[in-house]
Structures are given as structure tokens and as C-alpha cells.
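For reference, entry34.cif is printed below; it contains mmCIF, C-alpha atoms.
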data_entry
loop_
_atom_site.group_PDB
_atom_site.id
_atom_site.type_symbol
_atom_site.label_atom_id
_atom_site.label_comp_id
_atom_site.auth_asym_id
_atom_site.auth_seq_id
_atom_site.Cartn_x
_atom_site.Cartn_y
_atom_site.Cartn_z
ATOM 1 C CA MET A 1 -111.041 -5.211 -46.196
ATOM 2 C CA HIS A 2 -112.905 -3.468 -48.990
ATOM 3 C CA LYS A 3 -113.435 -0.683 -46.451
ATOM 4 C CA ILE A 4 -109.689 -0.075 -46.233
ATOM 5 C CA GLU A 5 -109.478 0.217 -50.015
ATOM 6 C CA GLU A 6 -112.235 2.824 -49.938
ATOM 7 C CA LEU A 7 -110.526 4.773 -47.158
ATOM 8 C CA SER A 8 -107.188 4.602 -48.971
ATOM 9 C CA LEU A 9 -108.709 6.149 -52.077
ATOM 10 C CA ASN A 10 -109.953 9.073 -49.987
ATOM 11 C CA ALA A 11 -106.638 9.400 -48.165
ATOM 12 C CA TRP A 12 -104.513 9.595 -51.330
ATOM 13 C CA PRO A 13 -106.668 11.400 -53.897
ATOM 14 C CA SER A 14 -105.939 11.651 -57.572
ATOM 15 C CA LEU A 15 -106.442 14.878 -59.493
ATOM 16 C CA GLN A 16 -108.925 13.373 -61.949
ATOM 17 C CA THR A 17 -111.226 10.411 -61.415
ATOM 18 C CA MET A 18 -113.640 8.601 -63.697
ATOM 19 C CA VAL A 19 -116.022 5.788 -62.753
ATOM 20 C CA TYR A 20 -116.426 3.249 -65.534
ATOM 21 C CA ASP A 21 -118.656 0.214 -64.976
ATOM 22 C CA GLY A 22 -117.299 -0.684 -61.553
ATOM 23 C CA TRP A 23 -113.769 0.542 -62.201
ATOM 24 C CA LEU A 24 -112.333 3.735 -60.726
ATOM 25 C CA ILE A 25 -109.891 5.269 -63.218
ATOM 26 C CA ARG A 26 -107.462 7.693 -61.569
ATOM 27 C CA PHE A 27 -105.030 10.262 -62.945
ATOM 28 C CA ALA A 28 -102.489 12.494 -61.173
ATOM 29 C CA ASN A 29 -99.888 13.470 -63.767
ATOM 30 C CA GLY A 30 -98.056 10.191 -63.227
ATOM 31 C CA TYR A 31 -97.158 10.764 -59.552
ATOM 32 C CA THR A 32 -97.438 7.387 -57.756
ATOM 33 C CA LYS A 33 -99.094 4.331 -59.203
ATOM 34 C CA ARG A 34 -101.830 4.452 -56.565
ATOM 35 C CA ALA A 35 -103.091 7.755 -57.972
ATOM 36 C CA ASN A 36 -102.532 6.781 -61.632
ATOM 37 C CA SER A 37 -104.176 3.397 -61.988
ATOM 38 C CA VAL A 38 -107.425 1.578 -62.603
ATOM 39 C CA ASN A 39 -109.008 0.379 -59.358
ATOM 40 C CA PRO A 40 -111.692 -2.313 -59.798
ATOM 41 C CA ILE A 41 -114.070 -1.546 -56.935
ATOM 42 C CA TYR A 42 -117.154 -3.677 -57.590
ATOM 43 C CA GLY A 43 -118.778 -6.098 -59.991
ATOM 44 C CA THR A 44 -118.825 -5.352 -63.681
ATOM 45 C CA SER A 45 -121.276 -5.908 -66.515
ATOM 46 C CA ASN A 46 -119.056 -4.968 -69.433
ATOM 47 C CA PHE A 47 -116.775 -7.220 -71.466
ATOM 48 C CA THR A 48 -113.351 -7.131 -69.841
ATOM 49 C CA GLU A 49 -111.266 -6.997 -73.042
ATOM 50 C CA ARG A 50 -113.148 -3.944 -74.282
ATOM 51 C CA LYS A 51 -112.887 -2.264 -70.901
ATOM 52 C CA ILE A 52 -109.151 -2.840 -70.728
ATOM 53 C CA LYS A 53 -108.688 -1.315 -74.187
ATOM 54 C CA TYR A 54 -110.772 1.706 -73.177
ATOM 55 C CA CYS A 55 -108.599 2.298 -70.106
ATOM 56 C CA GLU A 56 -105.391 1.775 -72.059
ATOM 57 C CA ASP A 57 -106.429 4.489 -74.488
ATOM 58 C CA LEU A 58 -107.216 6.931 -71.665
ATOM 59 C CA TYR A 59 -103.774 6.518 -70.121
ATOM 60 C CA SER A 60 -101.945 6.565 -73.444
ATOM 61 C CA GLU A 61 -103.671 9.828 -74.386
ATOM 62 C CA ARG A 62 -102.172 11.376 -71.243
ATOM 63 C CA GLY A 63 -98.701 9.984 -71.801
ATOM 64 C CA LEU A 64 -99.092 7.511 -68.922
ATOM 65 C CA VAL A 65 -98.419 3.775 -68.820
ATOM 66 C CA PRO A 66 -101.672 1.777 -68.409
ATOM 67 C CA THR A 67 -101.659 0.427 -64.855
ATOM 68 C CA PHE A 68 -104.155 -1.617 -62.834
ATOM 69 C CA LYS A 69 -104.163 -1.927 -59.056
ATOM 70 C CA MET A 70 -105.007 -5.505 -58.105
ATOM 71 C CA THR A 71 -105.819 -6.860 -54.645
ATOM 72 C CA SER A 72 -105.822 -10.345 -53.169
ATOM 73 C CA PHE A 73 -109.634 -10.253 -53.090
ATOM 74 C CA ALA A 74 -111.009 -13.293 -54.887
ATOM 75 C CA GLU A 75 -113.288 -11.346 -57.229
ATOM 76 C CA GLN A 76 -110.286 -9.809 -58.992
ATOM 77 C CA LYS A 77 -108.565 -13.083 -59.806
ATOM 78 C CA ASN A 78 -110.022 -13.343 -63.316
ATOM 79 C CA LEU A 79 -108.995 -9.801 -64.274
ATOM 80 C CA ASP A 80 -105.484 -10.385 -62.944
ATOM 81 C CA GLU A 81 -105.176 -13.499 -65.104
ATOM 82 C CA VAL A 82 -106.446 -11.655 -68.190
ATOM 83 C CA LEU A 83 -103.930 -8.851 -67.663
ATOM 84 C CA GLU A 84 -101.120 -11.374 -67.273
ATOM 85 C CA GLN A 85 -102.116 -13.013 -70.559
ATOM 86 C CA LYS A 86 -102.002 -9.586 -72.210
ATOM 87 C CA GLY A 87 -98.393 -9.125 -71.115
ATOM 88 C CA TYR A 88 -98.946 -6.930 -68.068
ATOM 89 C CA MET A 89 -96.135 -7.347 -65.535
ATOM 90 C CA THR A 90 -96.524 -7.251 -61.747
ATOM 91 C CA MET A 91 -94.850 -4.494 -59.741
ATOM 92 C CA HIS A 92 -94.702 -3.169 -56.173
ATOM 93 C CA HIS A 93 -96.218 -6.078 -54.237
ATOM 94 C CA THR A 94 -97.544 -4.366 -51.124
ATOM 95 C CA SER A 95 -98.798 -5.515 -47.738
ATOM 96 C CA VAL A 96 -101.706 -3.646 -46.146
ATOM 97 C CA GLN A 97 -101.341 -3.890 -42.386
ATOM 98 C CA MET A 98 -103.654 -3.048 -39.495
ATOM 99 C CA LEU A 99 -103.338 -2.354 -35.781
ATOM 100 C CA GLU A 100 -105.952 -2.104 -33.032
ATOM 101 C CA LEU A 101 -105.319 1.105 -31.089
ATOM 102 C CA THR A 102 -105.559 -0.274 -27.572
ATOM 103 C CA ASP A 103 -102.385 -0.381 -25.475
ATOM 104 C CA LEU A 104 -100.020 1.935 -27.295
ATOM 105 C CA LYS A 105 -96.455 2.597 -26.255
ATOM 106 C CA GLN A 106 -95.983 6.289 -25.525
ATOM 107 C CA PRO A 107 -93.570 8.315 -27.678
ATOM 108 C CA THR A 108 -90.567 9.905 -25.984
ATOM 109 C CA HIS A 109 -89.026 12.095 -28.704
ATOM 110 C CA PRO A 110 -89.642 15.598 -27.328
ATOM 111 C CA SER A 111 -89.229 17.802 -30.383
ATOM 112 C CA VAL A 112 -92.319 17.302 -32.519
ATOM 113 C CA ASN A 113 -94.714 19.474 -34.478
ATOM 114 C CA ILE A 114 -98.254 18.417 -35.352
ATOM 115 C CA ALA A 115 -100.412 20.330 -37.813
ATOM 116 C CA GLU A 116 -103.903 19.444 -38.978
ATOM 117 C CA ARG A 117 -103.368 21.266 -42.267
ATOM 118 C CA LEU A 118 -100.512 21.029 -44.733
ATOM 119 C CA THR A 119 -97.768 23.521 -43.882
ATOM 120 C CA GLU A 120 -95.013 24.858 -46.108
ATOM 121 C CA GLU A 121 -92.388 23.618 -43.644
ATOM 122 C CA TRP A 122 -93.737 20.048 -43.602
ATOM 123 C CA PHE A 123 -94.139 19.988 -47.374
ATOM 124 C CA ALA A 124 -90.618 21.273 -48.001
ATOM 125 C CA ALA A 125 -89.197 18.647 -45.627
ATOM 126 C CA PHE A 126 -91.224 15.871 -47.251
ATOM 127 C CA CYS A 127 -90.025 16.855 -50.732
ATOM 128 C CA ARG A 128 -86.431 17.031 -49.493
ATOM 129 C CA LEU A 129 -86.455 13.728 -47.595
ATOM 130 C CA THR A 130 -88.226 11.787 -50.350
ATOM 131 C CA GLN A 131 -86.372 13.580 -53.160
ATOM 132 C CA VAL A 132 -89.523 14.552 -55.023
ATOM 133 C CA ASP A 133 -88.696 15.447 -58.609
ATOM 134 C CA VAL A 134 -89.066 19.176 -59.232
ATOM 135 C CA ASN A 135 -91.559 18.413 -62.015
ATOM 136 C CA ASN A 136 -93.843 16.648 -59.515
ATOM 137 C CA ILE A 137 -93.842 19.206 -56.703
ATOM 138 C CA ALA A 138 -96.964 21.072 -57.832
ATOM 139 C CA THR A 139 -98.850 17.797 -58.361
ATOM 140 C CA VAL A 140 -97.906 16.448 -54.924
ATOM 141 C CA LYS A 141 -98.996 19.642 -53.222
ATOM 142 C CA GLN A 142 -102.315 19.685 -55.042
ATOM 143 C CA MET A 143 -102.965 16.065 -54.062
ATOM 144 C CA LEU A 144 -102.214 16.729 -50.392
ATOM 145 C CA LEU A 145 -104.447 19.806 -50.387
ATOM 146 C CA SER A 146 -107.257 17.764 -51.960
ATOM 147 C CA ILE A 147 -107.639 15.341 -49.038
ATOM 148 C CA ILE A 148 -111.147 15.747 -47.606
ATOM 149 C CA PRO A 149 -111.072 13.697 -44.335
ATOM 150 C CA GLN A 150 -109.300 14.947 -41.206
ATOM 151 C CA THR A 151 -105.517 15.053 -41.585
ATOM 152 C CA CYS A 152 -102.421 15.159 -39.409
ATOM 153 C CA PHE A 153 -99.018 16.308 -40.683
ATOM 154 C CA LEU A 154 -96.322 15.399 -38.182
ATOM 155 C CA ALA A 155 -92.612 16.186 -38.078
ATOM 156 C CA LEU A 156 -89.780 15.259 -35.712
ATOM 157 C CA TYR A 157 -86.873 17.629 -35.169
ATOM 158 C CA HIS A 158 -83.211 17.410 -34.215
ATOM 159 C CA LYS A 159 -81.467 20.729 -33.572
ATOM 160 C CA GLN A 160 -84.328 22.627 -35.239
ATOM 161 C CA GLU A 161 -84.130 20.535 -38.417
ATOM 162 C CA ILE A 162 -86.857 18.124 -39.517
ATOM 163 C CA ILE A 163 -85.346 14.637 -39.524
ATOM 164 C CA ALA A 164 -88.537 12.620 -40.086
ATOM 165 C CA CYS A 165 -92.071 13.284 -41.205
ATOM 166 C CA GLY A 166 -95.277 11.460 -41.916
ATOM 167 C CA MET A 167 -98.976 12.054 -42.240
ATOM 168 C CA GLY A 168 -102.205 10.457 -41.125
ATOM 169 C CA VAL A 169 -105.751 10.550 -42.448
ATOM 170 C CA LEU A 170 -108.641 9.900 -40.057
ATOM 171 C CA GLU A 171 -112.008 8.701 -41.317
ATOM 172 C CA GLU A 172 -114.761 6.694 -39.602
ATOM 173 C CA GLY A 173 -112.508 5.532 -36.777
ATOM 174 C CA TYR A 174 -109.732 4.353 -39.105
ATOM 175 C CA PHE A 175 -106.375 6.120 -39.100
ATOM 176 C CA GLY A 176 -104.326 5.684 -42.262
ATOM 177 C CA ILE A 177 -100.599 6.372 -42.059
ATOM 178 C CA PHE A 178 -98.862 7.588 -45.219
ATOM 179 C CA ASN A 179 -95.674 9.197 -46.520
ATOM 180 C CA VAL A 180 -93.467 8.170 -43.609
ATOM 181 C CA VAL A 181 -89.808 9.024 -44.172
ATOM 182 C CA THR A 182 -86.684 9.470 -42.043
ATOM 183 C CA ALA A 183 -83.521 11.324 -43.044
ATOM 184 C CA ILE A 184 -80.835 8.868 -44.161
ATOM 185 C CA ASN A 185 -78.335 9.923 -41.492
ATOM 186 C CA HIS A 186 -80.919 9.392 -38.729
ATOM 187 C CA ARG A 187 -82.075 5.905 -39.689
ATOM 188 C CA LYS A 188 -81.590 2.847 -37.459
ATOM 189 C CA GLN A 189 -81.696 5.100 -34.398
ATOM 190 C CA GLY A 190 -85.329 4.647 -33.376
ATOM 191 C CA VAL A 191 -86.507 7.827 -35.089
ATOM 192 C CA GLY A 192 -88.962 6.011 -37.349
ATOM 193 C CA GLU A 193 -90.530 4.277 -34.356
ATOM 194 C CA GLN A 194 -90.919 7.590 -32.526
ATOM 195 C CA LEU A 195 -92.563 9.133 -35.583
ATOM 196 C CA LEU A 196 -95.075 6.296 -35.793
ATOM 197 C CA LEU A 197 -95.796 6.386 -32.059
ATOM 198 C CA HIS A 198 -96.545 10.113 -32.247
ATOM 199 C CA LEU A 199 -98.831 9.538 -35.248
ATOM 200 C CA LEU A 200 -100.657 6.669 -33.541
ATOM 201 C CA LYS A 201 -101.076 8.718 -30.374
ATOM 202 C CA TRP A 202 -102.642 11.560 -32.354
ATOM 203 C CA GLY A 203 -104.934 9.150 -34.178
ATOM 204 C CA LYS A 204 -106.184 7.555 -30.973
ATOM 205 C CA GLU A 205 -106.658 10.892 -29.207
ATOM 206 C CA ASN A 206 -108.772 12.067 -32.134
ATOM 207 C CA GLY A 207 -111.107 9.086 -32.133
ATOM 208 C CA ALA A 208 -109.427 6.339 -34.147
ATOM 209 C CA ASN A 209 -109.926 2.715 -33.097
ATOM 210 C CA ARG A 210 -107.716 1.142 -35.764
ATOM 211 C CA ALA A 211 -104.711 2.167 -37.793
ATOM 212 C CA TYR A 212 -103.687 0.922 -41.219
ATOM 213 C CA LEU A 213 -100.695 1.428 -43.471
ATOM 214 C CA GLN A 214 -99.196 0.088 -46.675
ATOM 215 C CA VAL A 215 -95.669 -1.239 -47.063
ATOM 216 C CA VAL A 216 -93.870 -2.665 -50.089
ATOM 217 C CA GLN A 217 -93.080 -6.293 -49.305
ATOM 218 C CA ASN A 218 -89.342 -5.987 -49.978
ATOM 219 C CA ASN A 219 -88.945 -3.180 -47.424
ATOM 220 C CA GLU A 220 -87.675 -5.463 -44.677
ATOM 221 C CA ALA A 221 -86.682 -2.699 -42.261
ATOM 222 C CA ALA A 222 -90.127 -1.095 -42.325
ATOM 223 C CA ILE A 223 -91.924 -4.435 -42.005
ATOM 224 C CA LYS A 224 -89.775 -5.326 -38.999
ATOM 225 C CA LEU A 225 -90.668 -2.015 -37.338
ATOM 226 C CA TYR A 226 -94.382 -2.401 -38.034
ATOM 227 C CA MET A 227 -94.343 -5.922 -36.610
ATOM 228 C CA LYS A 228 -92.639 -4.586 -33.485
ATOM 229 C CA LEU A 229 -95.500 -2.131 -33.041
ATOM 230 C CA GLY A 230 -98.079 -4.892 -33.487
ATOM 231 C CA PHE A 231 -99.256 -4.357 -37.053
ATOM 232 C CA GLN A 232 -100.565 -7.464 -38.821
ATOM 233 C CA THR A 233 -101.112 -8.121 -42.516
ATOM 234 C CA ALA A 234 -104.734 -7.783 -43.611
ATOM 235 C CA TYR A 235 -104.344 -8.311 -47.374
ATOM 236 C CA GLN A 236 -102.006 -7.606 -50.289
ATOM 237 C CA TYR A 237 -102.130 -5.571 -53.453
ATOM 238 C CA TRP A 238 -99.889 -5.153 -56.473
ATOM 239 C CA PHE A 239 -99.876 -3.367 -59.787
ATOM 240 C CA ARG A 240 -100.231 -4.794 -63.267
ATOM 241 C CA VAL A 241 -98.304 -2.547 -65.649
ATOM 242 C CA LYS A 242 -98.433 -2.736 -69.432
ATOM 243 C CA GLN A 243 -95.058 -3.467 -71.016
#
Structure rendered as C-alpha cells:
Amino acid sequence: MHKIEELSLNAWPSLQTMVYDGWLIRFANGYTKRANSVNPIYGTSNFTERKIKYCEDLYSERGLVPTFKMTSFAEQKNLDEVLEQKGYMTMHHTSVQMLELTDLKQPTHPSVNIAERLTEEWFAAFCRLTQVDVNNIATVKQMLLSIIPQTCFLALYHKQEIIACGMGVLEEGYFGIFNVVTAINHRKQGVGEQLLLHLLKWGKENGANRAYLQVVQNNEAAIKLYMKLGFQTAYQYWFRVKQ
């Protein structure tokens, strides 16, 4: 499962990254906790308290709240306990789910556009559907343009209007699905399922053997859909945020 963490870092890049004694420190002007958090990636030799203080100072200098991304991997248990003792609260408990790309149901929604590079149309629709704050638009675009592995930007249409969009990142046979969103007035109509089926089809046709995605554990509708498609939980992660 460490492999999925590595792939996820590549699929959702930050704008600045620093490696510090086994910890990956990421900054992206505050847009998403994944891109603005400390990610412990391997064993450490330094004293944890001093390391935490060092990271806290880096985030504070940039006007960001110190945040650590923790996983259910056993080697992070001690750090999670230390952060809890220091008053860090848990947020955004997330399930990382995987699917073997074997017998996939075929999509039926006919009006779809697939681009392997970010397009202005897709980006505008994504910002509209997810209500990206105007102050974050430039950051989001820069992050999406910074993705190095092969990408897929997919949109579904109804009467020439984008009603759902999502993206995939393909690396080493793994297809990560990110930024999936459906217009509010088209939800609970099977549109989200069609979007995912189109994404999975593209991933498989381009060499993926497995797909993975991340879903916040209180998003019951999304979890129900992913279960329907055959996704299974591989591990969990959450954020420790300084109060």
C-alpha cells in the first residue's frame, strides 16, 4: 500500500516540496490538505519533537496551518499519538479503495470528451462544479499542469453542457481517479457511475491493471457507488491539524 501513497503524491503534486529526514513537506498555497501537509514516507533518525517544531515553523511562515497526513500503516502510530498529545485534531478520515480492472461494465452515456492534456473547457467546468474559490484558480491550474505521469481529463455532456467531470492519472499499471464531480441537478441519475465507467475504460485501454481512488468516509453516496463498481478498501488516512 506504500506504492499507492507514492503514486498519489505524483498524481496530485504540490507546488513546493522539501524532503526532511524521511518526511515529505508539501506546499501549494493552502489548496487541499493533501498538497499542504507533511507526509511521513519512511523511517526517521531525528527526534520527533524537534522535527514537528521545524515543520510547524515552515507552515506558519507561509500563513498555513501545520498539517500532517497520517495513514493506517503501523509505523506511523507513534507519530500520530505524539501529535494527538500536542493537541492536533483529526480531520477528513479517508478510505483509499482499489479495483482490479478485469470485467468492467461498459459505459453507455454517449456524449463524452476525453483529453490527455488539461483543456480550458474541462478546467472551467471543474472550477464551476466544485466552486473553486477565485483566489485558488491559478494554484489549481498550476498543480494540474505539473502532473508528470500520463493523464486523462474526462467530461460528460448534456445538451452541450458539461454535467460531470473527473480525471485519471496512469503510472506503472495503476490508474488513480481524482476530482470526480457531478452537477447538483444531475445527481442520483446514474451520471456519476457513467463518468467512472468511462474513466475506468480509458485506464484499462491504456494499460492499467488496477484502479485506486480516495473517498472521505462520511461521503455515503460515493462509497455506495464505489462498492457497486467493485472497489474495496485498501487502507485509511486522515489529517492531524494543529489547533
Inset, instruction - Run the PyMOL selection byres ((chain A and resi 143) around 8) against the file shown and list the residues it catches, as a ChimeraX atom specification. - result: /A:12-15,28,139-142,144-147
Legend entry - Shell of 12 Å around Glu100 in chain A, all atoms listed in the file, local chain residues under 5 positions omitted, as number ranges by chain: A: 173-175, 200, 203-204, 208-212, 229-232
Inset, instruction - With a distance cut-off of 12 Å and only C-alpha atoms, select the neighbouring residues of Gln97 in chain A, excluding the residue or stretch itself and same-chain residues fewer than 5 positions from it, and output the selection as a PyMOL selection string. - result: chain A and resi 1+4-5+175-177+210-217+222-223+225-227+229-237
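Here the PyMOL selection byres ((chain A and resi 190) around 12) catches exactly these residues: Pro107, Thr108, His109, Leu156, Ile163, Ala164, Thr182, Ala183, Asn185, His186, Arg187, Lys188, Gln189, Val191, Gly192, Glu193, Gln194, Leu195, Leu196, Leu197, Ala221, Ala222, Leu225 and Lys228 of chain A.
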Legend entry - Residue IDs satisfying the PyMOL selection byres ((chain A and resi 125) around 12), as a PyMOL selection string: chain A and resi 118-124+126-132+153-157+161-166+179-183
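Near range 48-52 of chain A, within 9 Å and counting only C-alpha atoms, sit Tyr20, Asp21, Asp57, Leu79, Val82 and Leu83 of chain A; same-chain residues fewer than 5 positions away were not included.
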Restricting it to C-alpha atoms, dump the selection as a tab-separated table (two decimals), in the coordinates of the input.
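Once written, out-v8.tsv looks like this:
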chain	number	residue	atom	x	y	z
A	20	TYR	CA	-116.43	3.25	-65.53
A	21	ASP	CA	-118.66	0.21	-64.98
A	57	ASP	CA	-106.43	4.49	-74.49
A	79	LEU	CA	-109.00	-9.80	-64.27
A	82	VAL	CA	-106.45	-11.66	-68.19
A	83	LEU	CA	-103.93	-8.85	-67.66
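Among the candidates A:Lys33, A:Pro40, A:Lys242, A:Thr102, the residue lying nearest to Lys77 in chain A is A:Pro40 (atoms considered: all atoms listed in the file).
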Legend entry - Proximity to Thr94 in chain A - best of A:Ile25, A:Leu7, A:Met70, A:Val112, all atoms listed in the file: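 Smallest separation from Thr94 in chain A among the options: A:Met70.
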Legend entry - Contacts of Val65 in chain A within 10 Å, all atoms listed in the file, excl. fewer than 5 positions in-chain, as an MDAnalysis selection string: chainID A and resid 30 33 36:37 56:60 241:243
Enclosing box along x, y and z for every listed atom of range 176-181 of chain A, padded 3 Å each side, centre and size in Å, one decimal, as AutoDock Vina command-line options:
--center_x -97.1 --center_y 7.4 --center_z -44.3 --size_x 20.5 --size_y 9.5 --size_z 10.5
Legend entry - Å distance separating CA of His93 in chain A from CA of Gly63 in chain A, one decimal place: 23.9 Å
Selecting N, CA and C atoms, how would range 205-216 of chain A from this structure be written as a short mmCIF file (atom, residue, chain, number, x, y, z; two decimals), in the first residue's frame?
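Result saved to part.cif:
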data_model
loop_
_atom_site.label_atom_id
_atom_site.label_comp_id
_atom_site.auth_asym_id
_atom_site.auth_seq_id
_atom_site.Cartn_x
_atom_site.Cartn_y
_atom_site.Cartn_z
N GLU A 205 -7.83 0.55 -21.24
CA GLU A 205 -7.38 0.58 -22.63
C GLU A 205 -5.98 1.14 -22.78
N ASN A 206 -5.53 1.89 -21.80
CA ASN A 206 -4.19 2.48 -21.86
C ASN A 206 -3.18 1.75 -20.98
N GLY A 207 -3.54 0.55 -20.54
CA GLY A 207 -2.56 -0.31 -19.89
C GLY A 207 -2.67 -0.48 -18.39
N ALA A 208 -3.70 0.07 -17.78
CA ALA A 208 -3.84 -0.08 -16.32
C ALA A 208 -4.39 -1.46 -15.97
N ASN A 209 -3.88 -2.02 -14.88
CA ASN A 209 -4.38 -3.28 -14.34
C ASN A 209 -5.24 -3.07 -13.11
N ARG A 210 -5.00 -1.96 -12.41
CA ARG A 210 -5.72 -1.66 -11.17
C ARG A 210 -6.08 -0.18 -11.15
N ALA A 211 -7.18 0.10 -10.49
CA ALA A 211 -7.57 1.49 -10.27
C ALA A 211 -7.63 1.76 -8.78
N TYR A 212 -7.37 2.99 -8.40
CA TYR A 212 -7.49 3.38 -6.99
C TYR A 212 -8.12 4.76 -6.92
N LEU A 213 -8.75 5.03 -5.81
CA LEU A 213 -9.35 6.35 -5.56
C LEU A 213 -9.42 6.59 -4.06
N GLN A 214 -9.73 7.81 -3.70
CA GLN A 214 -9.80 8.21 -2.30
C GLN A 214 -11.16 8.83 -2.04
N VAL A 215 -11.79 8.44 -0.94
CA VAL A 215 -13.12 8.96 -0.64
C VAL A 215 -13.24 9.22 0.85
N VAL A 216 -13.71 10.41 1.20
CA VAL A 216 -13.93 10.76 2.60
C VAL A 216 -14.98 9.82 3.17
#
